[in-house]
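Asks: Provided below: run19.pdb, containing PDB, C-alpha atoms and all ligand atoms.
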ATOM      1  CA  MET A   1     -25.451  11.422  32.762  1.00  0.00           C
ATOM      2  CA  ARG A   2     -23.283  12.164  35.739  1.00  0.00           C
ATOM      3  CA  TRP A   3     -25.706  14.885  36.882  1.00  0.00           C
ATOM      4  CA  ARG A   4     -28.404  12.342  37.651  1.00  0.00           C
ATOM      5  CA  LEU A   5     -26.382  11.348  40.684  1.00  0.00           C
ATOM      6  CA  CYS A   6     -26.212  14.919  41.839  1.00  0.00           C
ATOM      7  CA  GLN A   7     -28.706  15.957  44.489  1.00  0.00           C
ATOM      8  CA  ASN A   8     -28.336  19.663  43.927  1.00  0.00           C
ATOM      9  CA  MET A   9     -31.719  21.307  43.433  1.00  0.00           C
ATOM     10  CA  ASN A  10     -30.467  23.483  40.593  1.00  0.00           C
ATOM     11  CA  HIS A  11     -30.813  20.503  38.244  1.00  0.00           C
ATOM     12  CA  ARG A  12     -34.544  20.353  38.848  1.00  0.00           C
ATOM     13  CA  ARG A  13     -35.111  23.996  38.017  1.00  0.00           C
ATOM     14  CA  SER A  14     -35.658  25.260  34.515  1.00  0.00           C
ATOM     15  CA  ASP A  15     -34.670  28.734  35.672  1.00  0.00           C
ATOM     16  CA  ALA A  16     -31.665  27.986  37.864  1.00  0.00           C
ATOM     17  CA  PRO A  17     -30.083  31.224  39.104  1.00  0.00           C
ATOM     18  CA  VAL A  18     -26.572  30.036  38.343  1.00  0.00           C
ATOM     19  CA  ARG A  19     -24.779  28.713  35.265  1.00  0.00           C
ATOM     20  CA  TYR A  20     -22.975  25.842  36.949  1.00  0.00           C
ATOM     21  CA  CYS A  21     -23.994  23.407  39.639  1.00  0.00           C
ATOM     22  CA  PRO A  22     -21.790  23.998  42.697  1.00  0.00           C
ATOM     23  CA  SER A  23     -21.796  20.292  43.528  1.00  0.00           C
ATOM     24  CA  CYS A  24     -20.900  18.597  40.254  1.00  0.00           C
ATOM     25  CA  GLY A  25     -19.862  21.453  37.975  1.00  0.00           C
ATOM     26  CA  GLU A  26     -22.335  20.645  35.198  1.00  0.00           C
ATOM     27  CA  VAL A  27     -24.038  23.495  33.370  1.00  0.00           C
ATOM     28  CA  VAL A  28     -27.543  23.906  34.802  1.00  0.00           C
ATOM     29  CA  ASN A  29     -28.522  27.105  32.970  1.00  0.00           C
ATOM     30  CA  GLU A  30     -26.622  27.875  29.811  1.00  0.00           C
ATOM     31  CA  ASN A  31     -28.574  31.098  29.305  1.00  0.00           C
ATOM     32  CA  ILE A  32     -26.494  32.681  32.031  1.00  0.00           C
ATOM     33  CA  ILE A  33     -23.413  34.338  30.629  1.00  0.00           C
ATOM     34  CA  LEU A  34     -20.065  32.813  31.499  1.00  0.00           C
ATOM     35  CA  LYS A  35     -18.341  35.073  33.963  1.00  0.00           C
ATOM     36  CA  LYS A  36     -14.675  35.649  34.652  1.00  0.00           C
ATOM     37  CA  CYS A  37     -14.056  35.308  38.365  1.00  0.00           C
ATOM     38  CA  SER A  38     -11.370  36.696  40.591  1.00  0.00           C
ATOM     39  CA  ASP A  39      -9.399  34.623  43.088  1.00  0.00           C
ATOM     40  CA  ALA A  40     -11.240  36.477  45.843  1.00  0.00           C
ATOM     41  CA  GLU A  41     -14.605  35.283  44.535  1.00  0.00           C
ATOM     42  CA  HIS A  42     -13.342  31.730  44.371  1.00  0.00           C
ATOM     43  CA  ALA A  43     -12.063  32.027  47.919  1.00  0.00           C
ATOM     44  CA  VAL A  44     -15.574  33.014  49.042  1.00  0.00           C
ATOM     45  CA  SER A  45     -17.086  30.072  47.153  1.00  0.00           C
ATOM     46  CA  ARG A  46     -14.563  27.732  48.769  1.00  0.00           C
ATOM     47  CA  LYS A  47     -15.582  29.045  52.173  1.00  0.00           C
ATOM     48  CA  ASP A  48     -19.172  28.184  51.313  1.00  0.00           C
ATOM     49  CA  ARG A  49     -17.919  24.679  50.517  1.00  0.00           C
ATOM     50  CA  TYR A  50     -18.848  24.870  46.882  1.00  0.00           C
ATOM     51  CA  LYS A  51     -16.989  22.179  44.992  1.00  0.00           C
ATOM     52  CA  HIS A  52     -17.292  24.128  41.767  1.00  0.00           C
ATOM     53  CA  CYS A  53     -17.610  27.786  40.992  1.00  0.00           C
ATOM     54  CA  VAL A  54     -21.212  28.576  39.958  1.00  0.00           C
ATOM     55  CA  HIS A  55     -20.000  31.333  37.615  1.00  0.00           C
ATOM     56  CA  CYS A  56     -17.207  29.670  35.623  1.00  0.00           C
ATOM     57  CA  GLY A  57     -17.399  25.973  36.567  1.00  0.00           C
ATOM     58  CA  LEU A  58     -13.862  25.814  37.892  1.00  0.00           C
ATOM     59  CA  GLN A  59     -13.211  23.022  40.341  1.00  0.00           C
ATOM     60  CA  LEU A  60     -12.525  24.645  43.716  1.00  0.00           C
ATOM     61  CA  ILE A  61     -12.171  21.666  46.030  1.00  0.00           C
ATOM     62  CA  LYS A  62     -10.320  18.552  44.972  1.00  0.00           C
TER
HETATM   63 ZN    ZN B 101     -24.956  18.951  40.085  1.00  0.00          ZN
HETATM   64 ZN    ZN B 102     -15.330  31.107  38.976  1.00  0.00          ZN
END
Take the structure from the file and write it as structure tokens.
Replies:
Amino acid sequence: MRWRLCQNMNHRRSDAPVRYCPSCGEVVNENIILKKCSDAEHAVSRKDRYKHCVHCGLQLIK
């Protein structure tokens, strides 16, 4: 129940536009197909200060 502590709005949506929450890395919409990301995409996500990749759930910031 870790996600209950997460304030990210994606958890409150039944139709979240992303598979993973960028804050905690939990799956918020498992209907979205798991995507393979490139390092470049992860670099962009890191710039946006996402802790986790919304496409593959990888932890970006430790
Ligand atoms: Zn979350
Ligand atoms: Zn990714």
Asks: Quick one: distance from atom CA of A:Asn31 to atom CA of A:Cys56 in Å, one decimal?
Replies: 13.1 Å
Asks: Translate the PyMOL selection byres (((chain A and resi 59) around 12) and not hetatm) into a concrete residue list for this structure, as a list in words.
Replies: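 For this structure, the PyMOL selection byres (((chain A and resi 59) around 12) and not hetatm) captures Tyr20, Cys21, Pro22, Ser23, Cys24, Gly25, Glu26, His42, Ala43, Ser45, Arg46, Arg49, Tyr50, Lys51, His52, Cys53, Val54, His55, Cys56, Gly57, Leu58, Leu60, Ile61 and Lys62 of chain A.
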Asks: Could you please determine the separation between atom CA of A:Ser38 and atom CA of A:Pro17 in Å, to one decimal place?
Replies: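 These atoms are spaced 19.6 Å apart.
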Asks: Please evaluate the PyMOL selection byres (((chain A and resi 10) around 10) and not hetatm) against the structure above and give the resulting residues as a list in words.
Replies: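 With the PyMOL selection byres (((chain A and resi 10) around 10) and not hetatm) on this model, the match is Cys6, Gln7, Asn8, Met9, His11, Arg12, Arg13, Ser14, Asp15, Ala16, Pro17, Val18, Arg19, Tyr20, Cys21, Pro22, Ser23, Val27, Val28 and Asn29 of chain A.
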Asks: Could those selected residues go to a file with C-alpha atoms, as a PDB file, in the coordinates of the input?
Replies:
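Saved to part30.pdb:
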ATOM      1  CA  CYS A   6     -26.212  14.919  41.839  1.00  0.00           C
ATOM      2  CA  GLN A   7     -28.706  15.957  44.489  1.00  0.00           C
ATOM      3  CA  ASN A   8     -28.336  19.663  43.927  1.00  0.00           C
ATOM      4  CA  MET A   9     -31.719  21.307  43.433  1.00  0.00           C
ATOM      5  CA  HIS A  11     -30.813  20.503  38.244  1.00  0.00           C
ATOM      6  CA  ARG A  12     -34.544  20.353  38.848  1.00  0.00           C
ATOM      7  CA  ARG A  13     -35.111  23.996  38.017  1.00  0.00           C
ATOM      8  CA  SER A  14     -35.658  25.260  34.515  1.00  0.00           C
ATOM      9  CA  ASP A  15     -34.670  28.734  35.672  1.00  0.00           C
ATOM     10  CA  ALA A  16     -31.665  27.986  37.864  1.00  0.00           C
ATOM     11  CA  PRO A  17     -30.083  31.224  39.104  1.00  0.00           C
ATOM     12  CA  VAL A  18     -26.572  30.036  38.343  1.00  0.00           C
ATOM     13  CA  ARG A  19     -24.779  28.713  35.265  1.00  0.00           C
ATOM     14  CA  TYR A  20     -22.975  25.842  36.949  1.00  0.00           C
ATOM     15  CA  CYS A  21     -23.994  23.407  39.639  1.00  0.00           C
ATOM     16  CA  PRO A  22     -21.790  23.998  42.697  1.00  0.00           C
ATOM     17  CA  SER A  23     -21.796  20.292  43.528  1.00  0.00           C
ATOM     18  CA  VAL A  27     -24.038  23.495  33.370  1.00  0.00           C
ATOM     19  CA  VAL A  28     -27.543  23.906  34.802  1.00  0.00           C
ATOM     20  CA  ASN A  29     -28.522  27.105  32.970  1.00  0.00           C
TER      21      ASN A  29
END
Asks: Taking only C-alpha atoms and all ligand atoms into account, name the residue in A:Glu30, A:Leu5, A:Val44, A:Lys35 that is nearest to ligand ZN 102 (chain B).
Replies: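 Selected residue with least distance to ligand ZN 102 (chain B): A:Lys35.
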Asks: Would you fill the gaps in stretch 14-27 of chain A so it has N, CA and C atoms, then print it as an mmCIF file, keeping the file's coordinate frame?
Replies:
data_model
loop_
_atom_site.group_PDB
_atom_site.id
_atom_site.type_symbol
_atom_site.label_atom_id
_atom_site.label_comp_id
_atom_site.auth_asym_id
_atom_site.auth_seq_id
_atom_site.Cartn_x
_atom_site.Cartn_y
_atom_site.Cartn_z
ATOM 1 N N SER A 14 -35.864 24.828 35.894
ATOM 2 C CA SER A 14 -35.658 25.260 34.515
ATOM 3 C C SER A 14 -35.087 26.666 34.484
ATOM 4 N N ASP A 15 -35.167 27.356 35.600
ATOM 5 C CA ASP A 15 -34.670 28.734 35.672
ATOM 6 C C ASP A 15 -33.650 28.869 36.799
ATOM 7 N N ALA A 16 -32.703 27.948 36.832
ATOM 8 C CA ALA A 16 -31.665 27.986 37.864
ATOM 9 C C ALA A 16 -30.957 29.342 37.847
ATOM 10 N N PRO A 17 -30.683 29.893 39.027
ATOM 11 C CA PRO A 17 -30.083 31.224 39.104
ATOM 12 C C PRO A 17 -28.589 31.250 38.807
ATOM 13 N N VAL A 18 -28.012 30.100 38.595
ATOM 14 C CA VAL A 18 -26.572 30.036 38.343
ATOM 15 C C VAL A 18 -26.291 29.216 37.093
ATOM 16 N N ARG A 19 -25.133 29.446 36.486
ATOM 17 C CA ARG A 19 -24.779 28.713 35.265
ATOM 18 C C ARG A 19 -24.308 27.296 35.571
ATOM 19 N N TYR A 20 -23.537 27.152 36.624
ATOM 20 C CA TYR A 20 -22.975 25.842 36.949
ATOM 21 C C TYR A 20 -23.490 25.336 38.288
ATOM 22 N N CYS A 21 -23.648 24.037 38.375
ATOM 23 C CA CYS A 21 -23.994 23.407 39.639
ATOM 24 C C CYS A 21 -22.766 23.443 40.555
ATOM 25 N N PRO A 22 -22.937 23.933 41.793
ATOM 26 C CA PRO A 22 -21.790 23.998 42.697
ATOM 27 C C PRO A 22 -21.327 22.626 43.192
ATOM 28 N N SER A 23 -22.161 21.622 43.045
ATOM 29 C CA SER A 23 -21.796 20.292 43.528
ATOM 30 C C SER A 23 -21.039 19.475 42.488
ATOM 31 N N CYS A 24 -21.525 19.463 41.252
ATOM 32 C CA CYS A 24 -20.900 18.597 40.254
ATOM 33 C C CYS A 24 -20.241 19.365 39.114
ATOM 34 N N GLY A 25 -20.518 20.656 38.999
ATOM 35 C CA GLY A 25 -19.862 21.453 37.975
ATOM 36 C C GLY A 25 -20.492 21.377 36.593
ATOM 37 N N GLU A 26 -21.637 20.702 36.480
ATOM 38 C CA GLU A 26 -22.335 20.645 35.198
ATOM 39 C C GLU A 26 -23.058 21.967 34.958
ATOM 40 N N VAL A 27 -23.249 22.305 33.695
ATOM 41 C CA VAL A 27 -24.038 23.495 33.370
ATOM 42 C C VAL A 27 -25.507 23.216 33.689
#
